[in-house]
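Trainee: After the structure tokens below, expect a handful of questions from me.
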Amino acid sequence: MCGIFGYLGPRQATSILLDGLRRLEYRGYDSTGIVIKNGSFEIHKKVGKVGELESVLPNRIEGTAGIAHTRWATHGVVSDENAHPHPSAKGKVVIVHNGIIENSRQLRTSLTVQGVDLQSDTDSEALAHIIERELSVDNDPEQAVRRTLRLARGTWGLCAMFLEHDVIVCARNGSPLIIGKGEGEMFVSSDPHALTPYTQRVVFLEDGEIATLTNDKMSLSTLKGKNFNPDITVLEENWGDSDLGEFPHFMLKEIYEQPDALRHCISGRLDRVRGNGRLGGLKLEPRDLAKVPHVRLLGCGTAYNAAEIGQLMIEKLARIPAVAHISSEFRHNDPVINPNALHFAVTQSGETADTLSAVKEIHLKGGSVYGVVNVVGSSIARECGKGVYIHSGPEQAVASTKAFSNMVAALSMFALQVGRSRATSKEQGREIINGLQEIPHLIEEYLEQQGPIHEAVDMVKNAKSVLFLGRGISAPVAKEGALKLMEIAYIPCLAYPAGEMKHGPIALLEEGSPVIFIAPNDHVKVKTISAMHECKARGAKIILIHEEGDDIASEADISISIPRVHPLLSPLLTVIPTQLIAYHTALALGCDVDRPRNLAKSVTVE
Ligand code: M6R
């Protein structure tokens with residue numbers, strides 16, 4: 001989604017800003033822009049990728065201060081005019097903005113009445129004009145931003161530059177902004193990992209905060225005007241390998257990284273002797289866990305699918321109610337929060353606005369939330385203050401793969417931990433630990449022998465729609481497979497619990513309709529196979545993902561076998577063929593695998 005990268009210092013800014021933009025690219029965007037200050041503001045904006053912006057830039061732009069932006073359209077079509085930065089009417093201020101200004105209609109109307117000629121259809125542009133108007137009051141850039149934001153409603157990660165002042169003023173409310181402190185230079189970015197090539201010393205702005213940056217100083221204050229000292233965090237340099245290496249796409253690379261990512265996730269977190277999980281970041285003792293009345297898990301997209309698997313694992317092992325919620329629905333349904341219950345926010349980016357709002361809603365109502373988060377220091381990780389980092393390393397493809405696996409693994413360790421404080425025996429616990437420790441190797445084994453993925457691709461690539469079915473713990477895997485194929489190959493996909501198929505989706509089946517079944521060797525396999533027969537009887541073509549050595553392979557048109565696995569952990573294996581089918585189908589259809597249209601890697605608007 002929208003990204004910001006800014007620089008202020010002694011070096012030429014353009015190449016630093018373009019490099020910053022490239023590091024933000026994975027988040028998904030539709031246009032880019034850059035402003036460099038050199039006596040005046042030199043602004044260039046372009047629809048398309050960073051490369052397209054570069055192609056319209058003059059050979060050399062002098063200037064040691066600037067801001068760059070990647071835009072993901074919310075208000076106004078994708079066009080050069082709507083791309084950021086936006087200058088003010090008299091050209092004294094220029095801004096970039098992430099988030100949504102909810103009262104932009106009123107602000108724009110009042111500006112028009114005052115005679116301002118708005119140049120774009122965005123909600124953001126109004127801020128530039130109001131800051132300029134407020135600047136004329138006392139010529140104080142920080143106060144001008146402060147007064148402007150008091151008039152605005154909504155969310156912002158905002159950076160403003162001023163023609164007559166050598167500062168960048170930054171403000172955050174609901175949209176991340178991180179200040180990077182170098183030696184005699186300052187950086188600002190919406191993504192901490194874009195800063196690490198330049199500095200590890202960062203300050204995460206919190207909601208309602210403002211930072212005024214000069215080359216060597218940052219002044220922090222609240223929107224109300226209270227000053228405070230910076231709390232500098234030192235980022236880990238070793239976040240992981242974020243280059244493609246020998247892979248053609250990040251998605252394929254990340255699929256193959258799953259075994260090692262899982263090893264990182266479980267390492268040091270399993271207590272073999274006690275048959276228990278050891279998630280220290282939860283800061284929960286067995287006596288606390290024994291009193292938990294219920295568990296609620298929140299997430300969007302892939303994270304929600306992982307949360308559904310977590311729900312089933314927790315109920316199975318701990319025998320307490322657990323329920324997964326779609327974050328974007330949560331706070332709007334005025335949920336009842338029990339302060340003794342456990343809540344988990346599951347998220348790769350840690351910046352998903354819907355999940356962040358759900359966390360805040362729970363906090364507001366006196367509950368506590370644990371993060372199950374990949375990106376260290378992200379907004380949700382900090383808002384929760386406790387939880388589990390899933391340690392997937394950087395996930396760059398918009399389609400989430402290795403983060404899904406590590407979310408499931410982290411939740412399985414929690415399920416084990418809460419289970420051991422209640423209903424799960426030491427022996428059952430050890431079985432799960434053994435199962436988890438084998439998974440990375442089993443995935444490697446499967447990746448060596450993937451089965452007829454390309455036949456499956458041929459079957460689905462021109463289909464009108466694809467139905468994914470699974471039962472029990474495989475129902476969320478079916479959803480995850482459908483989400484992946486839909487988001488990167490643009491094929492309409494439907495996922496249902498297999499038993500529900502006969503209550504509606506069966507009407508879609510025609511001669512040759514592809515149906516993908518997920519049927520590992522668990523207690524519901526027989527029932528899943530009945531659904532498979534019902535589909536076959538109506539002419540559907542079956543792609544079956546099943547465990548090797550079972551007796552059902554011959555019943556499918558295409559059967560893809562995975563190694564034998566502990567039934568509760570089967571999603572960690574059954575999901576892999578669905579990821580590969582999605583990847584190869586998107587490739588066969590000529591789609592942009594890593595950056596599918598309209599999507600963003602981290603969705604920072606509600
Ligand atoms: O960063 P998050 O895990 O919170 O993101 C949630 C969803 O936006 C994300 O999983 C999305 O559905 C992916 N594109 C799925 O591949």
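Residues are referred to by chain and number: the chain letter is A, B, ... according to the order shown in the structure tokens, the number counts from 1 in that chain, and ligands are numbered separately from 1 in the order shown.
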Taking only residues of chain A that have an atom at most 8 Å from an atom of ligand 1, what is each one's shortest atom pair and its distance in Å to one decimal, using only C-alpha atoms and all ligand atoms, in chain and number order, as a tab-separated table?
Mentor:
residue	atom	partner	partner_atom_place_in_ligand_line	distance
A:Gly299	CA	ligand 1	4 (O)	6.3
A:Cys300	CA	ligand 1	6 (C)	4.5
A:Gly301	CA	ligand 1	12 (O)	3.3
A:Thr302	CA	ligand 1	10 (O)	3.7
A:Ala303	CA	ligand 1	3 (O)	4.9
A:Tyr304	CA	ligand 1	10 (O)	7.4
A:Val346	CA	ligand 1	3 (O)	6.6
A:Thr347	CA	ligand 1	3 (O)	3.5
A:Gln348	CA	ligand 1	3 (O)	3.6
A:Ser349	CA	ligand 1	1 (O)	3.6
A:Gly350	CA	ligand 1	1 (O)	5.7
A:Glu351	CA	ligand 1	1 (O)	6.3
A:Thr352	CA	ligand 1	4 (O)	4.6
A:Thr355	CA	ligand 1	4 (O)	6.8
A:Val373	CA	ligand 1	3 (O)	7.8
A:Val398	CA	ligand 1	14 (N)	5.0
A:Ala399	CA	ligand 1	16 (O)	3.4
A:Ser400	CA	ligand 1	16 (O)	3.9
A:Thr401	CA	ligand 1	16 (O)	6.9
A:Ala403	CA	ligand 1	3 (O)	7.6
A:Phe404	CA	ligand 1	10 (O)	8.0
A:Leu483	CA	ligand 1	15 (C)	6.7
A:Lys484	CA	ligand 1	16 (O)	5.8
A:Glu487	CA	ligand 1	14 (N)	7.1
A:Leu599	CA	ligand 1	14 (N)	7.0
A:Ala600	CA	ligand 1	14 (N)	7.0
A:Lys601	CA	ligand 1	14 (N)	6.0
A:Ser602	CA	ligand 1	1 (O)	5.2
A:Val603	CA	ligand 1	8 (O)	5.7
Trainee: DSSP on the backbone, then: every residue of segment 288-447 of chain A marked helix (DSSP H, G or I), written as a PyMOL selection string.
Mentor: chain A and resi 288-289+301-318+327-333+353-364+379-384+402-420+426-447
Trainee: Could you check the closest approach to Glu54 of chain A for each of A:Thr32, A:Val372, A:Gly66, A:Cys265 and tell me which residue wins, using only C-alpha atoms?
Mentor: A:Thr32
Trainee: One number please: atom CA of Ala324 of chain A to atom CA of His566 of chain A, in Å, one decimal.
Mentor: 22.4 Å
Trainee: What are the DSSP strand (DSSP E or B) residues of segment 467-533 of chain A, as a list of chain:residue names?
Mentor: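 Strand (DSSP E or B) assignments inside segment 467-533 of chain A correspond to A:Leu467, A:Phe468, A:Leu469, A:Gly470, A:Cys493, A:Leu494, A:Ala495, A:Tyr496, A:Pro497, A:Pro514, A:Val515, A:Ile516, A:Phe517, A:Ile518, A:Ala519.
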Trainee: What is the distance, in Å and to one decimal place, between atom CA of Cys493 of chain A and atom CA of Ala307 of chain A?
Mentor: 20.4 Å
Trainee: Figure out the distance between atom CA of Ile61 of chain A and atom CA of Ala89 of chain A, please, to one decimal in Å.
Mentor: 23.1 Å
Trainee: Quick one: of A:Ala531, A:Tyr29, A:Thr214, A:Phe204, who's nearest to Glu183 of chain A, counting only C-alpha atoms?
Mentor: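 Checking each of A:Ala531, A:Tyr29, A:Thr214, A:Phe204 against Glu183 of chain A, counting only C-alpha atoms, the winner is A:Thr214.
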Trainee: Gly481 of chain A: which residues within 7 Å, counting only C-alpha atoms, same-chain residues fewer than 4 positions away excluded, as a PDB file with N, CA, C and O atoms, in the first residue's frame?
Mentor:
ATOM      1  N   VAL A 477      -7.585 -24.728   4.998  1.00  0.00           N
ATOM      2  CA  VAL A 477      -6.555 -24.898   3.960  1.00  0.00           C
ATOM      3  C   VAL A 477      -7.201 -24.700   2.584  1.00  0.00           C
ATOM      4  O   VAL A 477      -6.619 -24.083   1.686  1.00  0.00           O
ATOM      5  N   LEU A 485      -4.985 -18.774  -5.326  1.00  0.00           N
ATOM      6  CA  LEU A 485      -5.201 -18.883  -6.767  1.00  0.00           C
ATOM      7  C   LEU A 485      -5.960 -17.660  -7.284  1.00  0.00           C
ATOM      8  O   LEU A 485      -5.635 -17.109  -8.343  1.00  0.00           O
ATOM      9  N   VAL A 575      -1.037 -27.419   2.418  1.00  0.00           N
ATOM     10  CA  VAL A 575      -1.106 -26.093   1.795  1.00  0.00           C
ATOM     11  C   VAL A 575      -0.065 -25.933   0.683  1.00  0.00           C
ATOM     12  O   VAL A 575      -0.269 -25.152  -0.257  1.00  0.00           O
ATOM     13  N   THR A 578      -1.145 -26.374  -2.921  1.00  0.00           N
ATOM     14  CA  THR A 578      -2.066 -25.297  -3.345  1.00  0.00           C
ATOM     15  C   THR A 578      -1.274 -24.028  -3.679  1.00  0.00           C
ATOM     16  O   THR A 578      -1.628 -23.291  -4.591  1.00  0.00           O
ATOM     17  N   GLN A 579      -0.203 -23.789  -2.941  1.00  0.00           N
ATOM     18  CA  GLN A 579       0.647 -22.614  -3.245  1.00  0.00           C
ATOM     19  C   GLN A 579       1.297 -22.790  -4.619  1.00  0.00           C
ATOM     20  O   GLN A 579       1.360 -21.850  -5.425  1.00  0.00           O
TER      21      GLN A 579
END
Trainee: With a distance cut-off of 9 Å and only C-alpha atoms, select the neighbouring residues of Thr604 of chain A, excluding the residue or stretch itself and same-chain residues fewer than 3 positions from it, and output the selection as an NGL selection string.
Mentor: :A and (1-2 or 98-99 or 174-176 or 351-354 or 600)
Trainee: Go ahead and write the residues just picked, C-alpha atoms, as a PDB file, in the first residue's frame.
Mentor:
ATOM      1  CA  MET A   1       0.000   0.000   0.000  1.00  0.00           C
ATOM      2  CA  CYS A   2       1.152   3.643   0.037  1.00  0.00           C
ATOM      3  CA  ASN A  98      -0.550   7.685   3.660  1.00  0.00           C
ATOM      4  CA  GLY A  99      -3.968   6.873   5.108  1.00  0.00           C
ATOM      5  CA  GLY A 174      -2.962   5.156  12.338  1.00  0.00           C
ATOM      6  CA  SER A 175      -0.475   4.887   9.486  1.00  0.00           C
ATOM      7  CA  PRO A 176       3.122   3.927  10.335  1.00  0.00           C
ATOM      8  CA  GLU A 351       0.410  -3.019  10.000  1.00  0.00           C
ATOM      9  CA  THR A 352      -2.982  -4.252   8.784  1.00  0.00           C
ATOM     10  CA  ALA A 353      -5.321  -1.406   9.719  1.00  0.00           C
ATOM     11  CA  ASP A 354      -8.352  -3.665  10.254  1.00  0.00           C
ATOM     12  CA  ALA A 600      -1.089  -4.390  -1.525  1.00  0.00           C
TER      13      ALA A 600
END
Trainee: Mind checking which residues fall within 9 Å of Ser570 of chain A, counting only C-alpha atoms, ignoring those fewer than 2 positions away in the same chain, and posting them as a PyMOL selection string?
Mentor: chain A and resi 473-474+520-522+564-568+572-575
Trainee: Can you work out which one of A:Gly435, A:Gly371, A:Pro10, A:Gly470 has the shortest atom-to-atom distance to Asp216 of chain A, counting only C-alpha atoms?
Mentor: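 The shortest atom-to-atom distance to Asp216 of chain A comes from A:Pro10.
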Trainee: Name the closest residue to Leu21 of chain A among the candidates A:Pro141, A:Gly6, A:Pro335, A:Pro192; distances are taken between atoms, counting only C-alpha atoms.
Mentor: A:Gly6
Trainee: Please provide the set of residues having any atom within 12 Å of Glu427 of chain A, restricted to only C-alpha atoms, with same-chain residues fewer than 6 positions apart removed, written as a list in words.
Mentor: Arg272, Val273, Arg274, Gly275, Asn276, Leu416, Arg420, Ile433 and Asn434 of chain A
Trainee: Of the candidates A:Pro197, A:Glu308, A:Leu317, A:Gly387, which one gets nearest to Gly281 of chain A if we count only C-alpha atoms?
Mentor: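 Under the stated criterion, the closest residue is A:Gly387.
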